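Text of input-v2.cif, listed as mmCIF, C-alpha atoms and all ligand atoms:
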data_model
loop_
_atom_site.label_atom_id
_atom_site.label_comp_id
_atom_site.auth_asym_id
_atom_site.auth_seq_id
_atom_site.Cartn_x
_atom_site.Cartn_y
_atom_site.Cartn_z
CA MET A 142 79.89 117.48 132.63
CA ASN A 143 77.86 119.24 129.94
CA SER A 144 77.30 117.60 126.57
CA SER A 145 79.82 119.56 124.54
CA VAL A 146 82.56 119.04 127.11
CA PHE A 147 81.70 115.33 127.15
CA LEU A 148 81.86 115.02 123.35
CA GLY A 149 85.04 117.09 123.33
CA THR A 150 86.54 114.58 125.78
CA VAL A 151 85.45 111.69 123.56
CA ALA A 152 87.11 113.35 120.57
CA ALA A 153 90.24 114.27 122.51
CA MET A 154 90.61 110.69 123.71
CA TYR A 155 89.88 108.95 120.43
CA THR A 156 91.75 111.16 117.93
CA PRO A 157 95.26 110.24 119.17
CA LEU A 158 94.29 106.57 118.93
CA VAL A 159 93.36 106.97 115.26
CA LEU A 160 96.54 108.89 114.50
CA SER A 161 98.88 106.52 116.34
CA PRO A 162 100.65 103.87 114.31
CA GLY A 163 99.29 100.35 114.68
CA PRO A 164 97.74 97.45 112.80
CA CYS A 165 94.81 99.51 111.45
CA ALA A 166 97.04 102.29 110.15
CA LEU A 167 99.41 99.71 108.61
CA LEU A 168 96.54 97.90 106.92
CA VAL A 169 95.08 101.04 105.34
CA SER A 170 98.38 102.53 104.23
CA ARG A 171 99.60 99.26 102.75
CA ALA A 172 96.28 98.59 100.95
CA SER A 173 96.38 102.08 99.42
CA MET A 174 100.00 101.81 98.35
CA VAL A 175 99.79 98.29 96.94
CA GLU A 176 96.27 98.05 95.57
CA GLY A 177 95.29 101.66 95.19
CA ARG A 178 93.03 104.19 96.81
CA HIS A 179 89.78 102.30 96.31
CA THR A 180 91.05 99.26 98.20
CA GLY A 181 92.60 101.50 100.88
CA MET A 182 89.23 103.20 101.32
CA GLN A 183 87.45 99.88 101.68
CA ALA A 184 89.90 98.95 104.44
CA ALA A 185 89.19 102.34 106.05
CA LEU A 186 85.43 101.66 105.88
CA GLY A 187 85.94 98.25 107.49
CA ILE A 188 87.94 99.82 110.30
CA THR A 189 85.25 102.48 110.75
CA THR A 190 82.61 99.76 111.03
CA GLY A 191 84.79 98.20 113.74
CA ALA A 192 85.12 101.55 115.49
CA PHE A 193 81.33 101.84 115.39
CA LEU A 194 80.90 98.38 116.96
CA TRP A 195 83.55 99.00 119.63
CA SER A 196 82.22 102.43 120.59
CA ALA A 197 78.61 101.20 120.61
CA LEU A 198 79.61 98.36 122.93
CA ALA A 199 81.47 100.80 125.17
CA ALA A 200 78.63 103.34 125.15
CA ALA A 201 76.16 100.57 126.01
CA GLY A 202 78.25 99.81 129.08
CA VAL A 203 79.56 96.50 127.78
CA GLY A 204 83.10 97.86 127.67
CA VAL A 205 83.33 98.23 131.41
CA MET A 206 81.62 94.89 131.95
CA LEU A 207 84.26 93.30 129.73
CA GLY A 208 86.88 94.52 132.16
CA GLN A 209 85.11 92.58 134.90
CA TRP A 210 85.19 89.31 132.98
CA PRO A 211 88.86 88.48 132.64
CA GLY A 212 87.95 85.38 130.63
CA VAL A 213 86.42 87.46 127.85
CA ILE A 214 89.44 89.77 127.69
CA ALA A 215 91.76 86.75 127.61
CA ALA A 216 89.74 85.15 124.81
CA LEU A 217 89.79 88.40 122.81
CA GLN A 218 93.52 88.71 123.37
CA CYS A 219 94.07 85.17 122.09
CA ALA A 220 91.85 85.78 119.05
CA GLY A 221 93.53 89.12 118.34
CA GLY A 222 97.01 87.65 118.81
CA ALA A 223 96.27 84.73 116.52
CA TYR A 224 94.83 87.04 113.84
CA LEU A 225 97.74 89.48 113.95
CA GLY A 226 100.21 86.59 113.93
CA TRP A 227 98.45 85.06 110.92
CA MET A 228 98.67 88.35 109.01
CA GLY A 229 102.33 88.61 110.00
CA VAL A 230 103.06 85.12 108.65
CA ALA A 231 101.23 85.93 105.40
CA LEU A 232 103.29 89.12 104.95
CA VAL A 233 106.60 87.43 105.74
CA ARG A 234 105.75 84.59 103.35
CA SER A 235 104.81 87.05 100.60
CA VAL A 236 108.38 88.37 100.76
CA GLN A 237 109.68 85.01 99.55
CA ARG A 238 107.27 84.78 96.63
CA PRO A 239 108.15 86.04 93.15
CA ALA A 240 107.42 89.76 92.82
CA GLN A 241 104.49 89.40 90.40
CA GLU A 242 102.67 87.10 92.69
CA VAL A 243 102.85 89.58 95.54
CA ASN A 244 101.06 92.14 93.43
CA GLY A 245 99.40 89.61 91.18
CA ASP A 246 95.72 89.54 90.44
CA GLY A 247 95.50 85.79 89.89
CA HIS A 248 94.10 84.94 93.30
CA GLU A 249 93.17 88.46 94.36
CA THR A 250 89.66 88.20 92.93
CA ALA A 251 88.08 90.92 95.04
CA PRO A 252 90.82 92.73 96.93
CA ALA A 253 88.62 95.75 97.65
CA GLN A 254 85.84 93.73 99.20
CA ARG A 255 88.32 91.62 101.09
CA ALA A 256 89.98 94.79 102.35
CA TYR A 257 86.70 95.80 104.00
CA TRP A 258 86.49 92.58 106.00
CA ARG A 259 90.18 92.74 106.83
CA GLY A 260 89.70 96.27 108.13
CA LEU A 261 86.78 95.16 110.27
CA ALA A 262 88.64 92.13 111.65
CA THR A 263 91.80 94.17 112.27
CA CYS A 264 89.88 96.81 114.19
CA MET A 265 87.90 94.29 116.26
CA THR A 266 91.01 92.33 117.25
CA ASN A 267 93.30 95.35 117.57
CA PRO A 268 94.91 95.25 121.03
CA GLN A 269 94.99 99.05 121.15
CA ALA A 270 91.26 99.25 120.44
CA LEU A 271 90.51 96.52 122.96
CA VAL A 272 92.37 98.28 125.77
CA PHE A 273 91.04 101.71 124.85
CA PHE A 274 87.35 100.84 124.51
CA SER A 275 87.15 98.41 127.40
CA SER A 276 88.88 100.64 129.95
CA LEU A 277 89.59 104.34 129.38
CA PHE A 278 86.77 105.05 126.96
CA GLY A 279 84.27 102.69 128.58
CA ALA A 280 84.81 104.39 131.94
CA LEU A 281 83.41 107.67 130.55
CA PHE A 282 79.93 106.17 130.35
CA THR A 283 78.75 106.41 133.93
CA ALA A 284 75.07 105.84 134.77
CA GLU A 285 74.25 109.58 134.47
CA VAL A 286 75.19 109.77 130.79
CA SER A 287 71.96 110.07 128.77
CA PRO A 288 71.16 107.73 125.87
CA LEU A 289 71.30 110.68 123.47
CA LEU A 290 74.79 111.61 124.61
CA ARG A 291 75.86 107.97 124.25
CA LEU A 292 74.57 107.98 120.68
CA ALA A 293 76.32 111.29 119.96
CA SER A 294 79.56 109.82 121.34
CA VAL A 295 79.33 106.83 119.00
CA LEU A 296 78.70 109.18 116.06
CA THR A 297 81.70 111.28 117.12
CA VAL A 298 83.92 108.21 117.10
CA VAL A 299 82.57 107.08 113.72
CA GLY A 300 83.13 110.55 112.24
CA ILE A 301 86.71 110.71 113.50
CA ALA A 302 87.49 107.17 112.30
CA LEU A 303 86.00 107.93 108.89
CA VAL A 304 87.96 111.16 108.40
CA GLY A 305 91.15 109.73 109.92
CA TYR A 306 91.31 106.44 108.03
CA LEU A 307 89.88 107.70 104.72
CA GLY A 308 92.47 110.48 105.01
CA GLN A 309 95.23 107.91 105.50
CA ALA A 310 93.95 105.93 102.52
CA ALA A 311 93.98 109.05 100.32
CA LEU A 312 97.41 110.11 101.57
CA PHE A 313 99.09 106.76 100.90
CA ALA A 314 97.54 106.46 97.44
CA PHE A 315 99.56 109.52 96.48
CA PRO A 316 101.62 108.31 93.45
CA PRO A 317 105.12 109.30 94.69
CA LEU A 318 104.45 107.43 97.93
CA GLN A 319 103.09 104.44 96.02
CA ARG A 320 106.17 104.31 93.84
CA ARG A 321 108.46 104.57 96.80
CA TYR A 322 106.62 101.78 98.57
CA GLN A 323 106.61 99.56 95.54
CA ALA A 324 110.35 100.04 95.14
CA SER A 325 110.98 98.63 98.58
CA GLN A 326 107.83 96.56 99.02
CA ARG A 327 109.56 93.35 100.01
CA TYR A 328 111.64 95.01 102.65
CA LEU A 329 108.68 96.97 104.08
CA ASP A 330 106.36 93.93 103.98
CA GLY A 331 108.97 91.91 105.81
CA VAL A 332 109.27 94.59 108.49
CA CYS A 333 105.45 94.91 108.79
CA GLY A 334 105.14 91.13 108.97
CA VAL A 335 107.67 90.86 111.77
CA VAL A 336 105.95 93.72 113.67
CA PHE A 337 102.58 91.93 113.32
CA LEU A 338 104.13 88.65 114.44
CA LEU A 339 105.70 90.25 117.51
CA LEU A 340 102.50 92.13 118.43
CA GLY A 341 100.41 89.02 117.86
CA GLY A 342 102.79 86.80 119.83
CA ARG A 343 102.81 89.18 122.76
CA LEU A 344 99.04 89.44 122.76
CA LEU A 345 98.64 85.69 122.55
CA LEU A 346 101.01 85.19 125.49
CA GLN A 347 99.12 87.81 127.51
CA GLY A 348 95.84 86.09 126.72
CA LEU A 349 97.16 82.66 127.64
CA ALA A 350 98.71 83.97 130.88
CA ALA A 351 95.52 85.77 131.97
N1 LIG B 401 89.10 101.65 115.98
C1 LIG B 401 90.31 101.95 115.86
N2 LIG B 401 90.56 103.04 115.32
N3 LIG B 401 91.22 101.12 116.31
C2 LIG B 401 92.43 101.50 116.97
C3 LIG B 401 93.49 101.93 116.06
C4 LIG B 401 94.78 102.14 116.73
C5 LIG B 401 95.90 102.48 115.82
N4 LIG B 401 95.77 103.80 115.28
C6 LIG B 401 96.04 101.49 114.69
O1 LIG B 401 96.03 101.86 113.58
O2 LIG B 401 96.17 100.33 114.91
#
Mind turning the file's structure into structure tokens?
Amino acid sequence: MNSSVFLGTVAAMYTPLVLSPGPCALLVSRASMVEGRHTGMQAALGITTGAFLWSALAAAGVGVMLGQWPGVIAALQCAGGAYLGWMGVALVRSVQRPAQEVNGDGHETAPAQRAYWRGLATCMTNPQALVFFSSLFGALFTAEVSPLLRLASVLTVVGIALVGYLGQAALFAFPPLQRRYQASQRYLDGVCGVVFLLLGGRLLLQGLAA
């Protein structure tokens, strides 16, 4: 496979992952709608850092090795499940709190900075990312792939993540969308929370059963 076909394959595989709905997309869109574009962008940067780490691991061949150590996959599934579940519980609980507190700044000392770390943690424990980078994507990097092409692949992933998630952050900071979200925040947060809880629970069960 020549280099441009290889990088085209990387892009064609990764782009649908970025565009598909999931915990990362939820995190960025919610951060942008609730706390504004700056916080949404920090979440996007955190996710991009995670995409960099995942793709670098995959390009270094660790992704495929992971698939051969079921214990590591199981541990990651448990960690990911617990993290998603914890975010789900926090969202569901926020629904019961008085409205101001949900948006309140009292304990949200550095939401933007926190959003970065949340983005990174969400990406690293994202079940979709785990499956993608440890199997499909990891399998691209056979022994013949040169180090330069591996590096270019990582940069391709980082570029797509950056454009995709910063784009989502900008889109959801659009005032009419923000207003609409804020009008039904409790309802949407409850739904997001339950989705996170279900995803997390399923992942945890998979990890424990493995
Ligand atoms: N590095 C990533 N982009 N992670 C996978 C993201 C999958 C999905 N789009 C989500 O938002 O959850």
### Message
Could you check the closest approach to ligand LIG 401 (chain B) for each of A:Ser145, A:Thr266, A:Gln237, A:Ser173 and tell me which residue wins, using only C-alpha atoms and all ligand atoms?
### Response
A:Thr266
### Message
Please determine, counting all atoms listed in the file, which residue among A:Ala302, A:Ala215, A:Val151, A:Val335 has the shortest atom-to-atom distance to Leu271 in chain A.
### Response
A:Ala215
#### Entry: Env. residues ligand LIG 401 (chain B) / 10 Å / all atoms listed in the file / as a ChimeraX atom specification
/A:155-170,185,187-196,260-261,263-274,298-299,301-303,305-306
Output of the above residues as an mmCIF file, in the coordinates of the input, restricted to C-alpha atoms:
data_model
loop_
_atom_site.group_PDB
_atom_site.id
_atom_site.type_symbol
_atom_site.label_atom_id
_atom_site.label_comp_id
_atom_site.auth_asym_id
_atom_site.auth_seq_id
_atom_site.Cartn_x
_atom_site.Cartn_y
_atom_site.Cartn_z
ATOM 1 C CA TYR A 155 89.880 108.950 120.430
ATOM 2 C CA THR A 156 91.750 111.160 117.930
ATOM 3 C CA PRO A 157 95.260 110.240 119.170
ATOM 4 C CA LEU A 158 94.290 106.570 118.930
ATOM 5 C CA VAL A 159 93.360 106.970 115.260
ATOM 6 C CA LEU A 160 96.540 108.890 114.500
ATOM 7 C CA SER A 161 98.880 106.520 116.340
ATOM 8 C CA PRO A 162 100.650 103.870 114.310
ATOM 9 C CA GLY A 163 99.290 100.350 114.680
ATOM 10 C CA PRO A 164 97.740 97.450 112.800
ATOM 11 C CA CYS A 165 94.810 99.510 111.450
ATOM 12 C CA ALA A 166 97.040 102.290 110.150
ATOM 13 C CA LEU A 167 99.410 99.710 108.610
ATOM 14 C CA LEU A 168 96.540 97.900 106.920
ATOM 15 C CA VAL A 169 95.080 101.040 105.340
ATOM 16 C CA SER A 170 98.380 102.530 104.230
ATOM 17 C CA ALA A 185 89.190 102.340 106.050
ATOM 18 C CA GLY A 187 85.940 98.250 107.490
ATOM 19 C CA ILE A 188 87.940 99.820 110.300
ATOM 20 C CA THR A 189 85.250 102.480 110.750
ATOM 21 C CA THR A 190 82.610 99.760 111.030
ATOM 22 C CA GLY A 191 84.790 98.200 113.740
ATOM 23 C CA ALA A 192 85.120 101.550 115.490
ATOM 24 C CA PHE A 193 81.330 101.840 115.390
ATOM 25 C CA LEU A 194 80.900 98.380 116.960
ATOM 26 C CA TRP A 195 83.550 99.000 119.630
ATOM 27 C CA SER A 196 82.220 102.430 120.590
ATOM 28 C CA GLY A 260 89.700 96.270 108.130
ATOM 29 C CA LEU A 261 86.780 95.160 110.270
ATOM 30 C CA THR A 263 91.800 94.170 112.270
ATOM 31 C CA CYS A 264 89.880 96.810 114.190
ATOM 32 C CA MET A 265 87.900 94.290 116.260
ATOM 33 C CA THR A 266 91.010 92.330 117.250
ATOM 34 C CA ASN A 267 93.300 95.350 117.570
ATOM 35 C CA PRO A 268 94.910 95.250 121.030
ATOM 36 C CA GLN A 269 94.990 99.050 121.150
ATOM 37 C CA ALA A 270 91.260 99.250 120.440
ATOM 38 C CA LEU A 271 90.510 96.520 122.960
ATOM 39 C CA VAL A 272 92.370 98.280 125.770
ATOM 40 C CA PHE A 273 91.040 101.710 124.850
ATOM 41 C CA PHE A 274 87.350 100.840 124.510
ATOM 42 C CA VAL A 298 83.920 108.210 117.100
ATOM 43 C CA VAL A 299 82.570 107.080 113.720
ATOM 44 C CA ILE A 301 86.710 110.710 113.500
ATOM 45 C CA ALA A 302 87.490 107.170 112.300
ATOM 46 C CA LEU A 303 86.000 107.930 108.890
ATOM 47 C CA GLY A 305 91.150 109.730 109.920
ATOM 48 C CA TYR A 306 91.310 106.440 108.030
#
What lies within 12 Å of Gln254 in chain A using only C-alpha atoms, ignoring chain neighbours under 5 positions off, as a short mmCIF file (atom, residue, chain, number, x, y, z; two decimals) with C-alpha atoms, in the frame of the given file?
data_model
loop_
_atom_site.label_atom_id
_atom_site.label_comp_id
_atom_site.auth_asym_id
_atom_site.auth_seq_id
_atom_site.Cartn_x
_atom_site.Cartn_y
_atom_site.Cartn_z
CA ALA A 172 96.28 98.59 100.95
CA GLU A 176 96.27 98.05 95.57
CA HIS A 179 89.78 102.30 96.31
CA THR A 180 91.05 99.26 98.20
CA GLY A 181 92.60 101.50 100.88
CA MET A 182 89.23 103.20 101.32
CA GLN A 183 87.45 99.88 101.68
CA ALA A 184 89.90 98.95 104.44
CA ALA A 185 89.19 102.34 106.05
CA LEU A 186 85.43 101.66 105.88
CA GLY A 187 85.94 98.25 107.49
CA GLU A 249 93.17 88.46 94.36
CA ARG A 259 90.18 92.74 106.83
CA GLY A 260 89.70 96.27 108.13
CA LEU A 261 86.78 95.16 110.27
#
### Query
When you draw a straight line from CA of Ser275 in chain A to CA of Gln309 in chain A, how long is it in Å?
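Taking CA of Ser275 in chain A and CA of Gln309 in chain A, their separation equals 25.2 Å.
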### Message
Report, in Å to a single decimal, how far apart CA of Leu345 in chain A and CA of Gln218 in chain A are.
### Response
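It comes out at 6.0 Å.
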### Query
Counting only C-alpha atoms, which of A:Val286, A:Tyr322, A:Ser276, A:Gly300 gets nearest to Gln209 in chain A?
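Distance minimum relative to Gln209 in chain A lands on A:Ser276.
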### Task
Go through A:Met174, A:Leu340, A:Leu307, A:Ala216 and flag the residue nearest Arg321 in chain A, using only C-alpha atoms for the distances.
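Nearest candidate to Arg321 in chain A out of A:Met174, A:Leu340, A:Leu307, A:Ala216: A:Met174.
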### Query
Which distance in Å separates CA of Ala201 in chain A and CA of Glu285 in chain A, to one decimal?
12.5 Å
### Query
Leaving out Ser287 in chain A and any residue of its chain fewer than 5 positions from it, which residues lie within 12 Å of it when counting all atoms listed in the file, given as an NGL selection string?
:A and (142-144 or 147 or 200-201 or 281-282 or 292-294)
### Query
With all atoms listed in the file as the basis for distance, which of A:Ala220, A:Thr150, A:Arg255, A:Gly279 is at the shortest distance from Val203 in chain A?
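Going through A:Ala220, A:Thr150, A:Arg255, A:Gly279 one by one, the smallest distance to Val203 in chain A is for A:Gly279.
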### Neighbours of point (97.8, 88.5, 122.7) within 7 Å, using only C-alpha atoms, written as a list of chain:residue names
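Those residues, ordered by chain and then number, are A:Gln218, A:Cys219, A:Gly221, A:Gly222, A:Gly341, A:Gly342, A:Arg343, A:Leu344, A:Leu345, A:Leu346, A:Gln347, A:Gly348.
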### Message
From the options A:Ala197, A:Ala256, A:Val213, A:Met228, which residue's atoms come nearest to Gly331 in chain A, counting all atoms listed in the file?
### Response
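Result for the nearest residue to Gly331 in chain A: A:Met228.
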### Neighbours of point (102.4, 107.0, 93.2) within 12 Å, using all atoms listed in the file, written as a count of residues only
20
